[in-house]
$ cat upload_26.txt   # compact mmCIF, C-alpha atoms
# COMPACT_ATOMS: atom_id res chain seq x y z
CA MET A 1 36.68 88.20 -1.66
CA SER A 2 39.67 86.03 -2.48
CA GLY A 3 40.86 83.05 -0.47
CA THR A 4 39.26 79.79 0.60
CA ALA A 5 37.53 78.85 3.84
CA ASN A 6 39.10 75.56 4.92
CA VAL A 7 36.40 73.99 7.11
CA ALA A 8 36.68 70.86 9.26
CA TYR A 9 33.15 69.69 10.01
CA ALA A 10 31.32 66.84 11.71
CA SER A 11 30.41 64.16 9.15
CA SER A 12 26.72 64.71 9.89
CA LEU A 13 27.09 68.14 8.22
CA THR A 14 28.55 66.72 4.97
CA TYR A 15 25.45 66.97 2.82
CA LEU A 16 24.49 70.44 4.06
CA ASN A 17 27.99 71.88 3.67
CA GLU A 18 28.89 70.34 0.33
CA MET A 19 25.52 70.52 -1.46
CA VAL A 20 23.85 73.60 0.03
CA VAL A 21 26.21 75.90 1.94
CA LYS A 22 29.26 75.70 -0.34
CA PRO A 23 27.61 77.06 -3.54
CA ALA A 24 25.56 79.64 -1.61
CA PHE A 25 28.56 80.86 0.42
CA THR A 26 30.72 81.21 -2.71
CA ALA A 27 27.93 83.05 -4.56
CA ALA A 28 27.40 85.41 -1.61
CA THR A 29 31.05 86.20 -0.80
CA GLY A 30 33.22 85.17 -3.74
CA ALA A 31 35.38 83.10 -1.38
CA GLY A 32 36.08 79.43 -1.96
CA PHE A 33 35.16 76.51 0.30
CA SER A 34 37.22 73.42 1.05
CA GLY A 35 35.75 70.91 3.49
CA THR A 36 36.95 67.94 5.54
CA GLY A 37 34.32 65.79 7.23
CA ASN A 38 34.99 63.33 10.05
CA ALA A 39 33.87 62.44 13.56
CA SER A 40 34.05 65.59 15.72
CA GLY A 41 36.38 63.94 18.24
CA THR A 42 38.72 62.75 15.48
CA LEU A 43 38.86 66.25 13.97
CA SER A 44 39.59 67.75 17.39
CA SER A 45 42.48 65.29 17.93
CA ASP A 46 43.82 65.89 14.40
CA ILE A 47 43.79 69.69 14.92
CA ALA A 48 45.52 69.33 18.30
CA ALA A 49 48.20 67.09 16.75
CA GLY A 50 48.79 69.49 13.85
CA GLU A 51 47.68 66.86 11.31
CA ILE A 52 45.07 69.21 9.86
CA SER A 53 45.03 73.02 9.96
CA PRO A 54 41.53 74.24 9.09
CA ASN A 55 40.41 77.88 9.39
CA VAL A 56 37.04 76.84 10.80
CA PHE A 57 35.82 73.92 12.94
CA GLU A 58 32.14 72.87 13.12
CA SER A 59 31.57 70.31 15.84
CA VAL A 60 28.68 68.39 17.34
CA GLY A 61 29.02 69.62 20.93
CA GLY A 62 31.35 72.19 22.46
CA ASP A 63 33.17 69.44 24.36
CA ASN A 64 35.18 68.74 21.19
CA ILE A 65 36.28 72.40 20.98
CA THR A 66 37.19 73.05 24.62
CA PRO A 67 40.26 70.71 24.50
CA LEU A 68 41.65 73.05 21.78
CA GLN A 69 41.49 76.09 24.09
CA PRO A 70 43.37 78.35 24.48
CA LYS A 71 46.04 77.28 21.99
CA PHE A 72 43.86 77.07 18.87
CA THR A 73 40.80 79.10 19.84
CA LYS A 74 39.33 80.97 22.82
CA TRP A 75 35.64 80.85 21.91
CA TYR A 76 32.89 78.96 20.12
CA ILE A 77 29.34 79.75 19.10
CA GLN A 78 26.36 77.41 19.40
CA TYR A 79 23.80 77.99 16.65
CA ALA A 80 21.81 74.88 15.73
CA GLY A 81 20.44 71.69 17.24
CA THR A 82 19.52 68.23 16.06
CA SER A 83 18.11 65.04 17.58
CA MET A 84 18.53 61.28 17.37
CA VAL A 85 16.42 58.96 15.23
CA VAL A 86 16.75 55.35 14.14
CA ALA A 87 17.00 55.04 10.35
CA TYR A 88 16.00 51.83 8.62
CA ASN A 89 16.30 50.23 5.20
CA PRO A 90 12.89 50.04 3.44
CA ASN A 91 13.94 46.72 1.87
CA SER A 92 14.90 45.12 5.18
CA LYS A 93 12.93 42.02 6.17
CA TYR A 94 12.00 43.99 9.29
CA ALA A 95 10.88 47.07 7.29
CA SER A 96 7.15 46.57 7.88
CA GLN A 97 7.76 46.44 11.65
CA PHE A 98 9.96 49.56 11.54
CA LYS A 99 7.37 51.35 9.41
CA ALA A 100 4.55 50.51 11.84
CA ILE A 101 6.57 52.07 14.67
CA ALA A 102 7.51 55.08 12.51
CA ASP A 103 3.91 55.86 11.55
CA GLY A 104 2.62 55.38 15.09
CA SER A 105 0.50 52.29 14.50
CA LYS A 106 2.80 50.44 16.91
CA PRO A 107 4.24 52.01 20.10
CA VAL A 108 7.74 53.48 19.86
CA CYS A 109 8.88 51.34 22.78
CA ASP A 110 8.45 48.26 20.55
CA LEU A 111 11.53 49.51 18.67
CA TYR A 112 13.86 48.51 21.48
CA THR A 113 12.56 44.93 21.50
CA LEU A 114 12.84 44.77 17.70
CA LEU A 115 16.47 45.97 17.80
CA GLN A 116 17.34 42.95 19.98
CA THR A 117 16.20 40.49 17.27
CA PRO A 118 18.96 37.91 16.58
CA GLY A 119 20.29 38.42 13.06
CA LEU A 120 19.10 42.02 12.76
CA LYS A 121 22.01 44.09 11.46
CA LEU A 122 22.40 47.39 13.32
CA GLY A 123 24.98 50.07 12.51
CA ARG A 124 26.34 52.82 14.76
CA THR A 125 29.55 54.85 15.15
CA ASP A 126 32.46 54.68 17.58
CA PRO A 127 31.54 56.29 20.92
CA ASN A 128 35.21 57.08 21.56
CA THR A 129 35.59 59.46 18.62
CA ASP A 130 32.10 60.37 17.45
CA PRO A 131 29.43 62.24 19.42
CA GLN A 132 26.73 60.36 17.51
CA GLY A 133 28.22 57.06 18.71
CA ARG A 134 27.77 58.23 22.29
CA ASP A 135 24.36 59.78 21.57
CA PHE A 136 23.04 56.46 20.31
CA ILE A 137 24.06 54.80 23.59
CA TYR A 138 22.59 57.64 25.68
CA MET A 139 19.38 57.37 23.66
CA LEU A 140 19.15 53.62 24.38
CA GLU A 141 19.80 54.18 28.11
CA LEU A 142 17.13 56.90 28.28
CA ALA A 143 14.72 54.67 26.37
CA GLN A 144 15.37 51.70 28.68
CA SER A 145 14.16 53.90 31.54
CA TYR A 146 11.39 55.72 29.59
CA CYS A 147 9.89 52.46 28.31
CA HIS A 148 10.39 50.59 31.62
CA LEU A 149 12.42 47.89 29.86
CA PRO A 150 14.57 45.18 31.51
CA SER A 151 17.92 46.40 32.84
CA ASP A 152 19.88 44.43 30.24
CA THR A 153 18.06 45.96 27.23
CA VAL A 154 20.90 48.28 26.19
CA ALA A 155 23.49 45.50 26.50
CA LYS A 156 21.36 43.19 24.35
CA ILE A 157 20.93 45.83 21.62
CA LEU A 158 24.65 46.75 21.61
CA GLY A 159 25.74 43.13 21.87
CA THR A 160 28.11 43.93 24.75
CA THR A 161 28.11 45.05 28.38
CA ASP A 162 31.14 47.28 27.59
CA PHE A 163 29.24 50.20 26.09
CA GLY A 164 32.39 52.26 25.47
CA THR A 165 34.21 49.68 23.36
CA SER A 166 35.28 50.48 19.80
CA LYS A 167 35.52 46.76 19.03
CA SER A 168 32.05 45.85 17.82
CA SER A 169 30.83 44.58 14.46
CA GLN A 170 28.08 47.23 14.73
CA ILE A 171 30.58 50.12 14.51
CA TYR A 172 31.18 51.89 11.19
CA ALA A 173 32.88 55.15 10.22
CA GLU A 174 30.29 57.93 10.36
CA SER A 175 31.08 58.84 6.75
CA ALA A 176 30.21 55.28 5.61
CA LEU A 177 27.25 54.47 7.85
CA ASP A 178 24.45 55.99 5.76
CA SER A 179 25.65 54.47 2.48
CA THR A 180 26.03 51.06 4.17
CA LEU A 181 22.41 51.31 5.33
CA GLN A 182 21.20 52.47 1.90
CA SER A 183 23.01 49.60 0.16
CA GLY A 184 21.06 47.06 2.22
CA GLN A 185 23.96 45.74 4.31
CA LEU A 186 22.21 47.01 7.47
CA ASP A 187 18.60 46.77 8.63
CA ALA A 188 18.82 49.86 10.87
CA ALA A 189 21.33 52.50 11.87
CA SER A 190 21.78 55.40 14.24
CA ALA A 191 21.27 58.81 12.64
CA PHE A 192 20.56 62.43 13.40
CA VAL A 193 17.14 63.53 12.10
CA THR A 194 18.92 66.05 9.88
CA GLN A 195 20.90 63.31 8.09
CA ALA A 196 17.74 61.28 7.62
CA ILE A 197 15.89 64.26 6.10
CA GLU A 198 18.74 65.37 3.81
CA LEU A 199 19.57 61.85 2.59
CA LYS A 200 15.88 60.85 2.36
CA LEU A 201 16.35 57.90 4.71
CA ASN A 202 13.35 56.13 6.22
CA TYR A 203 13.43 56.77 9.93
CA ILE A 204 11.64 56.45 13.26
CA PRO A 205 11.23 59.73 15.17
CA LEU A 206 11.80 59.37 18.91
CA PRO A 207 10.18 61.10 21.90
CA GLU A 208 12.05 64.15 23.23
CA GLN A 209 12.59 62.31 26.53
CA VAL A 210 15.11 60.09 24.70
CA ASN A 211 16.14 61.89 21.48
CA LEU A 212 18.60 64.41 22.99
CA GLY A 213 16.86 67.17 21.06
CA SER A 214 15.35 69.34 23.79
CA ALA A 215 17.37 72.02 25.59
CA ALA A 216 14.73 71.99 28.35
CA LEU A 217 15.58 68.34 29.17
CA ALA A 218 19.34 68.87 29.59
CA ASP A 219 19.30 67.70 33.24
CA HIS A 220 17.36 64.58 32.30
CA TYR A 221 19.78 63.69 29.47
CA LYS A 222 22.71 63.98 31.91
CA THR A 223 21.49 60.83 33.65
CA ALA A 224 22.71 58.77 30.65
CA LYS A 225 26.42 57.96 30.80
CA VAL A 226 29.07 55.99 28.94
CA THR A 227 32.64 55.20 30.02
CA LEU A 228 35.07 55.35 27.10
CA GLU A 229 38.18 53.28 26.45
CA ASN A 230 40.40 56.02 27.92
CA GLY A 231 38.51 55.71 31.22
CA MET A 232 36.67 59.01 30.80
CA THR A 233 32.94 59.00 31.55
CA LYS A 234 30.75 61.24 29.39
CA SER A 235 27.12 62.20 29.99
CA GLY A 236 24.23 62.91 27.65
CA SER A 237 23.37 66.46 26.62
CA PRO A 238 21.18 68.24 24.07
CA GLN A 239 22.68 67.84 20.59
CA VAL A 240 23.99 71.17 19.34
CA ILE A 241 26.24 72.35 16.53
CA ASP A 242 29.09 74.68 17.48
CA ILE A 243 31.45 76.71 15.28
CA THR A 244 34.80 78.40 15.89
CA ILE A 245 37.83 79.76 14.08
CA ILE A 246 41.05 77.78 14.47
CA GLY A 247 44.31 79.70 14.70
CA THR A 248 44.75 83.18 13.24
CA PRO A 249 41.52 84.26 11.53
CA THR A 250 41.66 84.42 7.73
CA PRO A 251 39.30 86.66 5.73
CA ALA A 252 37.59 83.65 4.09
CA GLY A 253 37.33 81.78 7.40
CA GLU A 254 35.80 84.79 9.12
CA ALA A 255 33.40 85.25 6.22
CA PHE A 256 32.33 81.61 6.45
CA VAL A 257 31.50 81.80 10.17
CA ALA A 258 29.66 85.12 9.69
CA TYR A 259 27.73 83.64 6.74
CA THR A 260 26.79 80.50 8.72
CA LEU A 261 25.38 82.66 11.53
CA SER A 262 23.59 85.07 9.18
CA ALA A 263 19.86 84.82 8.39
CA PRO A 264 20.46 83.09 5.01
CA GLY A 265 22.97 80.69 6.60
CA LEU A 266 20.66 79.72 9.45
CA ALA A 267 17.78 79.33 6.99
CA GLN A 268 19.78 76.60 5.22
CA TYR A 269 20.10 74.73 8.52
CA LYS A 270 16.38 75.08 9.19
CA GLN A 271 15.56 73.70 5.76
CA GLY A 272 17.89 70.76 6.46
CA GLY A 273 15.86 69.78 9.51
CA PHE A 274 18.01 71.43 12.19
CA THR A 275 16.53 73.42 15.04
CA VAL A 276 17.87 76.95 14.67
CA LEU A 277 19.07 78.38 17.98
CA THR A 278 19.88 81.97 18.87
CA PRO A 279 23.67 82.08 18.28
CA THR A 280 25.25 81.94 21.73
CA LEU A 281 28.90 82.67 22.49
CA PHE A 282 30.95 80.58 24.89
CA GLY A 283 34.39 81.90 25.82
CA SER A 284 36.23 85.14 25.19
CA LYS A 285 34.11 87.79 23.47
CA SER A 286 37.11 90.06 22.88
CA ASP A 287 38.71 87.37 20.66
CA VAL A 288 35.72 87.10 18.32
CA PRO A 289 36.33 88.97 15.02
CA ALA A 290 34.01 91.99 14.56
CA SER A 291 32.32 90.57 11.45
CA ILE A 292 31.26 87.51 13.46
CA ALA A 293 30.37 89.44 16.62
CA SER A 294 27.97 91.53 14.54
CA GLU A 295 25.96 88.35 13.79
CA LEU A 296 25.60 87.84 17.54
CA GLY A 297 24.09 91.27 17.95
CA THR A 298 26.95 92.24 20.28
$ encode --input "upload_26.txt" --output "structure tokens"
Amino acid sequence: MSGTANVAYASSLTYLNEMVVKPAFTAATGAGFSGTGNASGTLSSDIAAGEISPNVFESVGGDNITPLQPKFTKWYIQYAGTSMVVAYNPNSKYASQFKAIADGSKPVCDLYTLLQTPGLKLGRTDPNTDPQGRDFIYMLELAQSYCHLPSDTVAKILGTTDFGTSKSSQIYAESALDSTLQSGQLDAASAFVTQAIELKLNYIPLPEQVNLGSAALADHYKTAKVTLENGMTKSGSPQVIDITIIGTPTPAGEAFVAYTLSAPGLAQYKQGGFTVLTPTLFGSKSDVPASIASELGT
């Protein structure tokens, strides 16, 4: 097949797409792959503004795709899930404390006291543009309740009572956060478990009551909320990856979505630490190209 799939994807999918999917997709189909990674909310805004024109959009959460309907797409498919962890630098002066929590020799709730330590450098992403930035805040709110911590715990960890602010020294671009942690400039950082596995980061796994990784706990996650700078309040939800075609389908774009949802495509996600979900369509079935619909079993 000729042509190139031009894919806009959440930064947390960078390693998987560029190192694993790209060569396998090209070998399987003959089509090329060109990727752009950024925060899902930023990509959604850039598509809406006409600043980028990808064939395919892979987002963390369908709520970054729905604003593009019906002009750019009328459907999206949910196919994988991930969960929140806290990654840490093994050379940090707090590394032994993080490691003790990670291996279970200290209780996980000790993490939230440790993260309040004055001088500890914590990195996270902007909750206004990046789902992971919001997820980190939801995770802290859920943990404050789960661990029966004081009501100002989240504010102390974030260094502000305005959880939705983009103006914090803790906030980094998602594309730079992992490398900043690895270089030793941060002691700990927010991460999805999949990023931690793929990039071989040291990390602390979190209980499903707080990690946004269980579909069965969707109602519980909804209790966590953050009000953004635009005044909109968002609520926690299980962390899922969604895919759609933007604009008129191209052969390479269609092939990429079909490949992602195929058994070999989903196997790559599983190997990368994602939870593989049964591909589920949201939106207009009649607008889904036949090659993609066949991967849904419809």
$ atom_distance --input "upload_26.txt" --atom1 "CA of Asn6 in chain A" --atom2 "CA of Asn55 in chain A"
5.2 Å
$ residues_around --input "upload_26.txt" --residues "range 60-66 of chain A" --least-positions-apart "4" --cutoff "10 Å" --atoms "all atoms listed in the file" --output "ChimeraX atom specification"
/A:9-13,39-45,70,72-78,80-82,129-132,234,237-244,246,282-283
$ atom_distance --input "upload_26.txt" --atom1 "CA of Leu177 in chain A" --atom2 "CA of Asp46 in chain A"
21.2 Å
$ residues_around --input "upload_26.txt" --residues "Tyr146 in chain A" --least-positions-apart "2" --cutoff "10 Å" --atoms "all atoms listed in the file" --output "MDAnalysis selection string"
chainID A and resid 109 140:144 148:149 207 209:210
$ atom_distance --input "upload_26.txt" --atom1 "CA of Ala176 in chain A" --atom2 "CA of Asn202 in chain A"
16.9 Å
$ residues_near_point --input "upload_26.txt" --point "(25.6, 47.0, 22.3)" --cutoff "12 Å" --atoms "all atoms listed in the file" --output "number ranges by chain"
A: 112, 115-116, 121-127, 133-134, 136-138, 140-141, 152-171, 226
$ closest_residue --input "upload_26.txt" --among "A:Ser291, A:Ser175, A:Gln69, A:Thr194" --to "Phe256 in chain A" --atoms "only C-alpha atoms"
A:Ser291
$ residues_near_point --input "upload_26.txt" --point "(23.3, 42.9, 9.2)" --cutoff "8 Å" --atoms "only C-alpha atoms" --output "PyMOL selection string"
chain A and resi 119-122+185-187
$ closest_residue --input "upload_26.txt" --among "A:Ala95, A:Met139, A:Leu111, A:Met1" --to "Phe25 in chain A" --atoms "all atoms listed in the file"
A:Met1
$ closest_residue --input "upload_26.txt" --among "A:Asp178, A:Glu254, A:Glu295, A:Glu51" --to "Ala196 in chain A" --atoms "only C-alpha atoms"
A:Asp178
$ closest_residue --input "upload_26.txt" --among "A:Ala290, A:Tyr203, A:Lys93, A:Gly247" --to "Ala48 in chain A" --atoms "all atoms listed in the file"
A:Gly247
$ closest_residue --input "upload_26.txt" --among "A:Ser262, A:Asn17, A:Ser96, A:Asn89" --to "Thr180 in chain A" --atoms "all atoms listed in the file"
A:Asn89
$ residues_around --input "upload_26.txt" --residues "Thr29 in chain A" --least-positions-apart "2" --cutoff "10 Å" --atoms "all atoms listed in the file" --output "short mmCIF file (atom, residue, chain, number, x, y, z; two decimals) with C-alpha atoms, keeping the file's coordinate frame"
data_model
loop_
_atom_site.label_atom_id
_atom_site.label_comp_id
_atom_site.auth_asym_id
_atom_site.auth_seq_id
_atom_site.Cartn_x
_atom_site.Cartn_y
_atom_site.Cartn_z
CA MET A 1 36.68 88.20 -1.66
CA SER A 2 39.67 86.03 -2.48
CA ALA A 24 25.56 79.64 -1.61
CA PHE A 25 28.56 80.86 0.42
CA THR A 26 30.72 81.21 -2.71
CA ALA A 27 27.93 83.05 -4.56
CA ALA A 31 35.38 83.10 -1.38
CA GLY A 32 36.08 79.43 -1.96
CA ALA A 252 37.59 83.65 4.09
CA ALA A 255 33.40 85.25 6.22
CA PHE A 256 32.33 81.61 6.45
CA TYR A 259 27.73 83.64 6.74
#
$ closest_residue --input "upload_26.txt" --among "A:Thr4, A:Thr275, A:Ser151, A:Thr250" --to "Gly213 in chain A" --atoms "all atoms listed in the file"
A:Thr275
